[in-house]
Amino acid sequence: MFALTFDDGPGPVTSDLLDVLQKAGVRATFFLLGRNVEEAPWCGDPAKARSLALRAAREGHVLGNHTYSHFRPDRWHELASDLRKGEAVVRALRGEAGLPDGPVPFRLPYGVRLIEQTLPSPSGNINAVSLDPRLPVLASIGRAHLHWTSDFDDWTLRPGDGDALAKKMIAHIEQCIALGMDAVLDLHDSGTGSPSGYDRRATVEGVRQLLDEAKRRKWKSYTIPT
Ligand SMILES: [Zn+2]
């Protein structure tokens, strides 16, 4: 089985992506970026952003939280408040979509990272690697990060790269099957305001091709966390 997850949305391709998923009868998990709903810098129209997120909820997709601002790990001291701010956006959307209240799945921006530090010592500086400082913050507020079995750098792809992306995703699912695992695919339907922009057309085409292939091979999809 494989689960599709989309981070950073909503964005310019979310509507097309929902069409592709609806046509294939597949449900996914959308880890929304609060800012891309409430401020919608990717389109300048928060009402449009909100209606896309509501459409996803009403079509049976799982709405998760990816924080409000997508801060980097070095801003770990702001994580708890930014997580709550993002969670409030998701809870409001769920309520508006008429869905029952319940735990909101969470995914850390950038996933779990190792942090490299230079530490002074009597014999000179040493380089040290430490665990992501955001994990203790998550522990303190009783939240867990939902990771993936692979991402595909889809934020770096050009519009015509959908074929190549589909091949990579299919190869990953085959690898998971060989290992007796299910696959959790990390993809993106928008951006964070970085130079990679917001347009993820290759992702939509890659998912369309993957779902065609999955149907041929009788691979089943599921949603995380359930
Ligand atoms: Zn992200």
# chains A, B, ... in the order shown; residues from 1 in each chain; ligands from 1
>>> residues_near_ligand(ligand="ligand 1", cutoff="6 Å", atoms="only C-alpha atoms and all ligand atoms", output="PyMOL selection string")
chain A and resi 7-8+109-110
>>> residues_around(residues="Gly160 (chain A)", least_positions_apart="2", cutoff="12 Å", atoms="only C-alpha atoms", output="PyMOL selection string")
chain A and resi 154+156-158+162-166+200-206
>>> write_last_selection(atoms="all heavy atoms", output="short mmCIF file (atom, residue, chain, number, x, y, z; two decimals), in the first residue's frame")
data_model
loop_
_atom_site.label_atom_id
_atom_site.label_comp_id
_atom_site.auth_asym_id
_atom_site.auth_seq_id
_atom_site.Cartn_x
_atom_site.Cartn_y
_atom_site.Cartn_z
N ASP A 154 10.51 17.28 -5.07
CA ASP A 154 9.60 17.74 -6.14
C ASP A 154 9.50 19.26 -6.22
O ASP A 154 9.04 19.79 -7.23
CB ASP A 154 8.21 17.09 -6.01
CG ASP A 154 7.48 17.47 -4.74
OD1 ASP A 154 8.14 17.66 -3.69
OD2 ASP A 154 6.24 17.57 -4.77
N THR A 156 11.95 21.09 -6.63
CA THR A 156 13.02 21.54 -7.53
C THR A 156 12.70 21.26 -9.00
O THR A 156 13.46 21.61 -9.88
CB THR A 156 14.34 20.81 -7.21
OG1 THR A 156 14.17 19.41 -7.50
CG2 THR A 156 14.75 20.97 -5.75
N LEU A 157 11.56 20.59 -9.26
CA LEU A 157 11.30 20.10 -10.61
C LEU A 157 10.73 21.18 -11.52
O LEU A 157 10.05 22.10 -11.07
CB LEU A 157 10.31 18.92 -10.56
CG LEU A 157 10.78 17.70 -9.76
CD1 LEU A 157 9.70 16.62 -9.77
CD2 LEU A 157 12.09 17.17 -10.29
N ARG A 158 11.00 21.02 -12.83
CA ARG A 158 10.43 21.91 -13.84
C ARG A 158 9.08 21.34 -14.29
O ARG A 158 8.83 20.13 -14.09
CB ARG A 158 11.39 22.04 -15.01
CG ARG A 158 12.64 22.87 -14.66
CD ARG A 158 13.73 22.63 -15.66
NE ARG A 158 14.01 21.18 -15.75
CZ ARG A 158 15.00 20.65 -16.46
NH1 ARG A 158 15.81 21.41 -17.14
NH2 ARG A 158 15.17 19.34 -16.49
N GLY A 162 7.22 15.66 -14.81
CA GLY A 162 6.27 14.73 -14.20
C GLY A 162 6.58 13.26 -14.46
O GLY A 162 6.44 12.42 -13.58
N ASP A 163 7.04 12.95 -15.70
CA ASP A 163 7.38 11.56 -16.06
C ASP A 163 8.46 11.02 -15.12
O ASP A 163 8.35 9.91 -14.60
CB ASP A 163 8.01 11.51 -17.47
CG ASP A 163 6.97 11.64 -18.55
OD1 ASP A 163 5.85 12.08 -18.24
OD2 ASP A 163 7.31 11.30 -19.70
N ALA A 164 9.52 11.81 -15.00
CA ALA A 164 10.66 11.36 -14.17
C ALA A 164 10.23 11.18 -12.72
O ALA A 164 10.65 10.22 -12.05
CB ALA A 164 11.79 12.39 -14.27
N LEU A 165 9.40 12.10 -12.24
CA LEU A 165 8.92 11.98 -10.86
C LEU A 165 8.10 10.70 -10.68
O LEU A 165 8.27 9.97 -9.70
CB LEU A 165 8.08 13.21 -10.48
CG LEU A 165 7.38 13.15 -9.12
CD1 LEU A 165 8.40 13.03 -7.97
CD2 LEU A 165 6.50 14.38 -8.90
N ALA A 166 7.21 10.41 -11.64
CA ALA A 166 6.39 9.20 -11.55
C ALA A 166 7.28 7.96 -11.48
O ALA A 166 7.04 7.06 -10.66
CB ALA A 166 5.44 9.12 -12.74
N ARG A 200 3.76 23.67 -8.66
CA ARG A 200 4.23 22.27 -8.57
C ARG A 200 3.51 21.43 -9.65
O ARG A 200 2.97 20.37 -9.35
CB ARG A 200 3.94 21.70 -7.17
CG ARG A 200 4.60 22.46 -6.04
CD ARG A 200 6.10 22.20 -5.97
NE ARG A 200 6.73 23.02 -4.95
CZ ARG A 200 7.32 24.20 -5.18
NH1 ARG A 200 7.37 24.69 -6.42
NH2 ARG A 200 7.88 24.89 -4.20
N ARG A 201 3.55 21.92 -10.90
CA ARG A 201 2.85 21.21 -11.98
C ARG A 201 3.40 19.81 -12.20
O ARG A 201 2.67 18.88 -12.51
CB ARG A 201 2.96 22.01 -13.29
CG ARG A 201 1.74 22.87 -13.53
CD ARG A 201 1.90 23.70 -14.77
NE ARG A 201 2.85 24.79 -14.54
CZ ARG A 201 3.28 25.62 -15.48
NH1 ARG A 201 2.88 25.45 -16.73
NH2 ARG A 201 4.11 26.59 -15.19
N ALA A 202 4.73 19.64 -12.04
CA ALA A 202 5.32 18.31 -12.23
C ALA A 202 4.77 17.32 -11.20
O ALA A 202 4.60 16.13 -11.49
CB ALA A 202 6.84 18.39 -12.11
N THR A 203 4.47 17.82 -10.02
CA THR A 203 3.92 16.94 -8.97
C THR A 203 2.55 16.42 -9.39
O THR A 203 2.26 15.22 -9.24
CB THR A 203 3.84 17.71 -7.64
OG1 THR A 203 5.17 18.13 -7.29
CG2 THR A 203 3.26 16.85 -6.53
N VAL A 204 1.72 17.30 -9.92
CA VAL A 204 0.37 16.88 -10.34
C VAL A 204 0.47 15.82 -11.45
O VAL A 204 -0.19 14.78 -11.39
CB VAL A 204 -0.46 18.09 -10.83
CG1 VAL A 204 -1.83 17.64 -11.31
CG2 VAL A 204 -0.60 19.12 -9.71
N GLU A 205 1.33 16.07 -12.44
CA GLU A 205 1.47 15.11 -13.54
C GLU A 205 2.09 13.79 -13.03
O GLU A 205 1.66 12.70 -13.43
CB GLU A 205 2.32 15.73 -14.66
CG GLU A 205 2.63 14.80 -15.82
CD GLU A 205 1.39 14.23 -16.52
OE1 GLU A 205 0.29 14.80 -16.36
OE2 GLU A 205 1.54 13.20 -17.22
N GLY A 206 3.06 13.90 -12.16
CA GLY A 206 3.69 12.70 -11.60
C GLY A 206 2.67 11.86 -10.83
O GLY A 206 2.62 10.63 -10.97
#
>>> closest_residue(among="A:Arg208, A:Arg134, A:Arg84, A:His77", to="Asp16 (chain A)", atoms="only C-alpha atoms")
A:Arg208
>>> residues_around(residues="region 210-223 of chain A", least_positions_apart="3", cutoff="6 Å", atoms="only C-alpha atoms", output="JSON, numbers by chain")
{"A": [1, 2, 3, 28, 166, 207, 226]}
>>> write_last_selection(atoms="C-alpha atoms", output="PDB file, in the first residue's frame")
ATOM      1  CA  MET A   1       0.000   0.000   0.000  1.00  0.00           C
ATOM      2  CA  PHE A   2       1.045   3.602  -0.425  1.00  0.00           C
ATOM      3  CA  ALA A   3      -0.017   6.876   1.189  1.00  0.00           C
ATOM      4  CA  ALA A  28      -4.441  11.858   0.636  1.00  0.00           C
ATOM      5  CA  ALA A 166       6.385   9.197 -11.547  1.00  0.00           C
ATOM      6  CA  VAL A 207       0.814  11.786  -9.277  1.00  0.00           C
ATOM      7  CA  THR A 226      -5.288   6.344   9.645  1.00  0.00           C
TER       8      THR A 226
END
>>> closest_residue(among="A:Leu33, A:Ala56, A:Ala47, A:Leu21", to="Tyr68 (chain A)", atoms="only C-alpha atoms")
A:Leu33
>>> closest_residue(among="A:Cys176, A:Leu54, A:Leu114, A:Cys43", to="Gly191 (chain A)", atoms="only C-alpha atoms")
A:Cys43
>>> select_by_dssp(residues="region 74-223 of chain A", states="helix (DSSP H, G or I)", output="PyMOL selection string")
chain A and resi 74-96+134-140+154-156+159-178+201-217
>>> decode(residues="region 142-153 of chain A", atoms="all heavy atoms", output="PDB file, in the first residue's frame")
ATOM      1  N   GLY A 142       3.056  17.190  23.641  1.00  0.00           N
ATOM      2  CA  GLY A 142       2.333  15.955  23.340  1.00  0.00           C
ATOM      3  C   GLY A 142       1.987  15.769  21.884  1.00  0.00           C
ATOM      4  O   GLY A 142       0.963  15.172  21.546  1.00  0.00           O
ATOM      5  N   ARG A 143       2.854  16.281  20.987  1.00  0.00           N
ATOM      6  CA  ARG A 143       2.615  16.099  19.556  1.00  0.00           C
ATOM      7  C   ARG A 143       3.696  15.192  18.974  1.00  0.00           C
ATOM      8  O   ARG A 143       4.810  15.118  19.486  1.00  0.00           O
ATOM      9  CB  ARG A 143       2.660  17.437  18.810  1.00  0.00           C
ATOM     10  CG  ARG A 143       1.583  18.410  19.208  1.00  0.00           C
ATOM     11  CD  ARG A 143       0.193  17.897  18.897  1.00  0.00           C
ATOM     12  NE  ARG A 143      -0.774  18.984  18.954  1.00  0.00           N
ATOM     13  CZ  ARG A 143      -1.199  19.558  20.060  1.00  0.00           C
ATOM     14  NH1 ARG A 143      -0.765  19.172  21.238  1.00  0.00           N
ATOM     15  NH2 ARG A 143      -2.084  20.544  20.006  1.00  0.00           N
ATOM     16  N   ALA A 144       3.347  14.534  17.868  1.00  0.00           N
ATOM     17  CA  ALA A 144       4.324  13.695  17.167  1.00  0.00           C
ATOM     18  C   ALA A 144       4.468  14.192  15.733  1.00  0.00           C
ATOM     19  O   ALA A 144       3.515  14.704  15.136  1.00  0.00           O
ATOM     20  CB  ALA A 144       3.859  12.241  17.173  1.00  0.00           C
ATOM     21  N   HIS A 145       5.656  14.036  15.205  1.00  0.00           N
ATOM     22  CA  HIS A 145       5.924  14.389  13.805  1.00  0.00           C
ATOM     23  C   HIS A 145       5.654  13.174  12.917  1.00  0.00           C
ATOM     24  O   HIS A 145       6.143  12.081  13.187  1.00  0.00           O
ATOM     25  CB  HIS A 145       7.385  14.827  13.673  1.00  0.00           C
ATOM     26  CG  HIS A 145       7.941  14.717  12.288  1.00  0.00           C
ATOM     27  ND1 HIS A 145       7.501  15.521  11.259  1.00  0.00           N
ATOM     28  CD2 HIS A 145       8.883  13.899  11.753  1.00  0.00           C
ATOM     29  CE1 HIS A 145       8.166  15.194  10.147  1.00  0.00           C
ATOM     30  NE2 HIS A 145       9.007  14.217  10.423  1.00  0.00           N
ATOM     31  N   LEU A 146       4.880  13.354  11.857  1.00  0.00           N
ATOM     32  CA  LEU A 146       4.620  12.266  10.914  1.00  0.00           C
ATOM     33  C   LEU A 146       5.597  12.367   9.748  1.00  0.00           C
ATOM     34  O   LEU A 146       5.498  13.286   8.920  1.00  0.00           O
ATOM     35  CB  LEU A 146       3.176  12.347  10.397  1.00  0.00           C
ATOM     36  CG  LEU A 146       2.099  11.956  11.421  1.00  0.00           C
ATOM     37  CD1 LEU A 146       0.720  12.125  10.820  1.00  0.00           C
ATOM     38  CD2 LEU A 146       2.280  10.521  11.881  1.00  0.00           C
ATOM     39  N   HIS A 147       6.534  11.425   9.706  1.00  0.00           N
ATOM     40  CA  HIS A 147       7.575  11.468   8.682  1.00  0.00           C
ATOM     41  C   HIS A 147       7.108  10.738   7.415  1.00  0.00           C
ATOM     42  O   HIS A 147       5.912  10.479   7.251  1.00  0.00           O
ATOM     43  CB  HIS A 147       8.864  10.876   9.268  1.00  0.00           C
ATOM     44  CG  HIS A 147      10.105  11.390   8.622  1.00  0.00           C
ATOM     45  ND1 HIS A 147      10.529  12.692   8.744  1.00  0.00           N
ATOM     46  CD2 HIS A 147      11.036  10.764   7.835  1.00  0.00           C
ATOM     47  CE1 HIS A 147      11.657  12.857   8.059  1.00  0.00           C
ATOM     48  NE2 HIS A 147      11.988  11.695   7.501  1.00  0.00           N
ATOM     49  N   TRP A 148       8.043  10.382   6.556  1.00  0.00           N
ATOM     50  CA  TRP A 148       7.726   9.754   5.273  1.00  0.00           C
ATOM     51  C   TRP A 148       8.738   8.646   5.018  1.00  0.00           C
ATOM     52  O   TRP A 148       9.755   8.549   5.710  1.00  0.00           O
ATOM     53  CB  TRP A 148       7.803  10.814   4.167  1.00  0.00           C
ATOM     54  CG  TRP A 148       9.061  11.635   4.213  1.00  0.00           C
ATOM     55  CD1 TRP A 148      10.298  11.295   3.739  1.00  0.00           C
ATOM     56  CD2 TRP A 148       9.209  12.944   4.809  1.00  0.00           C
ATOM     57  NE1 TRP A 148      11.194  12.313   3.993  1.00  0.00           N
ATOM     58  CE2 TRP A 148      10.557  13.328   4.646  1.00  0.00           C
ATOM     59  CE3 TRP A 148       8.325  13.824   5.446  1.00  0.00           C
ATOM     60  CZ2 TRP A 148      11.050  14.562   5.098  1.00  0.00           C
ATOM     61  CZ3 TRP A 148       8.829  15.045   5.898  1.00  0.00           C
ATOM     62  CH2 TRP A 148      10.168  15.401   5.726  1.00  0.00           C
ATOM     63  N   THR A 149       8.463   7.783   4.031  1.00  0.00           N
ATOM     64  CA  THR A 149       9.482   6.806   3.638  1.00  0.00           C
ATOM     65  C   THR A 149      10.372   7.385   2.544  1.00  0.00           C
ATOM     66  O   THR A 149      11.492   6.922   2.375  1.00  0.00           O
ATOM     67  CB  THR A 149       8.864   5.474   3.169  1.00  0.00           C
ATOM     68  OG1 THR A 149       8.000   5.728   2.054  1.00  0.00           O
ATOM     69  CG2 THR A 149       8.065   4.812   4.292  1.00  0.00           C
ATOM     70  N   SER A 150       9.880   8.379   1.796  1.00  0.00           N
ATOM     71  CA  SER A 150      10.755   9.078   0.847  1.00  0.00           C
ATOM     72  C   SER A 150      10.155  10.414   0.443  1.00  0.00           C
ATOM     73  O   SER A 150       8.944  10.543   0.325  1.00  0.00           O
ATOM     74  CB  SER A 150      10.961   8.234  -0.417  1.00  0.00           C
ATOM     75  OG  SER A 150      11.903   8.862  -1.282  1.00  0.00           O
ATOM     76  N   ASP A 151      11.033  11.403   0.253  1.00  0.00           N
ATOM     77  CA  ASP A 151      10.590  12.574  -0.507  1.00  0.00           C
ATOM     78  C   ASP A 151      11.286  12.518  -1.860  1.00  0.00           C
ATOM     79  O   ASP A 151      12.105  11.624  -2.125  1.00  0.00           O
ATOM     80  CB  ASP A 151      10.805  13.894   0.248  1.00  0.00           C
ATOM     81  CG  ASP A 151      12.256  14.301   0.373  1.00  0.00           C
ATOM     82  OD1 ASP A 151      13.034  14.057  -0.559  1.00  0.00           O
ATOM     83  OD2 ASP A 151      12.616  14.887   1.410  1.00  0.00           O
ATOM     84  N   PHE A 152      10.952  13.425  -2.739  1.00  0.00           N
ATOM     85  CA  PHE A 152      11.396  13.314  -4.132  1.00  0.00           C
ATOM     86  C   PHE A 152      11.917  14.653  -4.671  1.00  0.00           C
ATOM     87  O   PHE A 152      12.002  14.834  -5.876  1.00  0.00           O
ATOM     88  CB  PHE A 152      10.238  12.794  -5.006  1.00  0.00           C
ATOM     89  CG  PHE A 152       9.736  11.450  -4.539  1.00  0.00           C
ATOM     90  CD1 PHE A 152       8.717  11.358  -3.588  1.00  0.00           C
ATOM     91  CD2 PHE A 152      10.323  10.280  -4.992  1.00  0.00           C
ATOM     92  CE1 PHE A 152       8.276  10.129  -3.118  1.00  0.00           C
ATOM     93  CE2 PHE A 152       9.894   9.040  -4.524  1.00  0.00           C
ATOM     94  CZ  PHE A 152       8.870   8.964  -3.585  1.00  0.00           C
ATOM     95  N   ASP A 153      12.256  15.564  -3.763  1.00  0.00           N
ATOM     96  CA  ASP A 153      12.738  16.892  -4.182  1.00  0.00           C
ATOM     97  C   ASP A 153      11.811  17.515  -5.231  1.00  0.00           C
ATOM     98  O   ASP A 153      12.273  18.174  -6.166  1.00  0.00           O
ATOM     99  CB  ASP A 153      14.166  16.804  -4.763  1.00  0.00           C
ATOM    100  CG  ASP A 153      15.200  16.428  -3.712  1.00  0.00           C
ATOM    101  OD1 ASP A 153      14.882  16.516  -2.501  1.00  0.00           O
ATOM    102  OD2 ASP A 153      16.312  16.038  -4.096  1.00  0.00           O
TER     103      ASP A 153
END
